[in-house]
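Here is the structure we will look at, set down as structure tokens.
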Amino acid sequence: MMNMSIWELLLLMGIPSAVTGFAFGALKKWLNSREQRIEEREKARAEMEYMLVEAVNASLSLGEATANAVSRIPDTHCNGDMHEALDYARDVKHRQKALLTRLGIQALNEEGV
């Protein structure tokens, strides 16, 4: 039989435990940083979607303002295409607003706010 002191036994048992603890600690740290990067990416993606909606709204507003201004010029003969485009832009703007409102209400209900 091996003649081991209690300290040698504790040391032999402690080394694998320490290595395992260190490995799990490092894994947990890596997973937390990965999760944080994913959250940051999601926030950036949401901000980009918001900016795209804002850009579409700005474009629609500019198009409407331009069409209205051009139609008020006395010498301009606006054809039906411009009036149809203006009606279409207004329709898209209203449908987009309705969609975003519906999605916002759904999100509030899902989060329980």
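Residues are referred to by chain and number: the chain letter is A, B, ... according to the order shown in the structure tokens, the number counts from 1 in that chain, and ligands are numbered separately from 1 in the order shown.
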
Mind checking which residues fall within 7 Å of Leu86 (chain A), counting only C-alpha atoms, ignoring those fewer than 3 positions away in the same chain, and posting them as a ChimeraX atom specification? /A:64,67,82-83,89-90

Those same residues - all heavy atoms - I'd like them written as a compact mmCIF listing (two decimals), in the first residue's frame.
```
# COMPACT_ATOMS: atom_id res chain seq x y z
N GLU A 64 -43.95 63.70 -51.24
CA GLU A 64 -45.26 64.37 -51.13
C GLU A 64 -45.11 65.88 -51.27
O GLU A 64 -45.88 66.53 -52.00
CB GLU A 64 -45.91 64.06 -49.78
CG GLU A 64 -46.61 62.74 -49.70
CD GLU A 64 -47.30 62.58 -48.36
OE1 GLU A 64 -46.60 62.32 -47.37
OE2 GLU A 64 -48.54 62.71 -48.32
N ALA A 67 -44.27 66.80 -54.90
CA ALA A 67 -45.43 66.64 -55.78
C ALA A 67 -46.45 67.75 -55.54
O ALA A 67 -47.02 68.31 -56.50
CB ALA A 67 -46.07 65.28 -55.57
N MET A 82 -48.15 61.55 -61.87
CA MET A 82 -47.71 62.17 -60.63
C MET A 82 -48.80 62.08 -59.57
O MET A 82 -48.53 61.82 -58.41
CB MET A 82 -47.32 63.63 -60.84
CG MET A 82 -46.66 64.20 -59.59
SD MET A 82 -45.86 65.77 -59.79
CE MET A 82 -47.24 66.85 -59.74
N HIS A 83 -50.03 62.29 -59.98
CA HIS A 83 -51.12 62.18 -59.01
C HIS A 83 -51.27 60.74 -58.51
O HIS A 83 -51.50 60.52 -57.32
CB HIS A 83 -52.44 62.66 -59.63
CG HIS A 83 -52.43 64.12 -59.94
ND1 HIS A 83 -52.39 65.09 -58.96
CD2 HIS A 83 -52.44 64.79 -61.13
CE1 HIS A 83 -52.38 66.28 -59.52
NE2 HIS A 83 -52.40 66.13 -60.84
N ALA A 89 -47.92 56.91 -52.67
CA ALA A 89 -47.01 57.24 -51.56
C ALA A 89 -47.81 57.44 -50.27
O ALA A 89 -47.41 56.97 -49.20
CB ALA A 89 -46.19 58.48 -51.90
N ARG A 90 -48.93 58.12 -50.37
CA ARG A 90 -49.76 58.33 -49.18
C ARG A 90 -50.32 57.01 -48.66
O ARG A 90 -50.37 56.77 -47.45
CB ARG A 90 -50.89 59.30 -49.49
CG ARG A 90 -50.41 60.73 -49.63
CD ARG A 90 -51.55 61.67 -49.93
NE ARG A 90 -51.05 63.04 -50.00
CZ ARG A 90 -51.58 63.97 -50.77
NH1 ARG A 90 -52.65 63.71 -51.51
NH2 ARG A 90 -51.08 65.19 -50.77
```

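CA of Gly63 (chain A) sits 12.2 Å away from CA of Val92 (chain A).
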
Just the residues within 9 Å of Val56 (chain A), please, counting only C-alpha atoms, with nothing from its chain fewer than 5 positions along; format it as a list of chain:residue names.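 In the requested format, the answer is A:Met51, A:Ser61, A:Lys93.
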
To one decimal place, how far is CA of Leu31 (chain A) from CA of Ala44 (chain A) in Å?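 Separation between CA of Leu31 (chain A) and CA of Ala44 (chain A): 19.9 Å.
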
What's the separation between CA of Asp91 (chain A) and CA of Leu62 (chain A), in Å to one decimal place? 14.9 Å
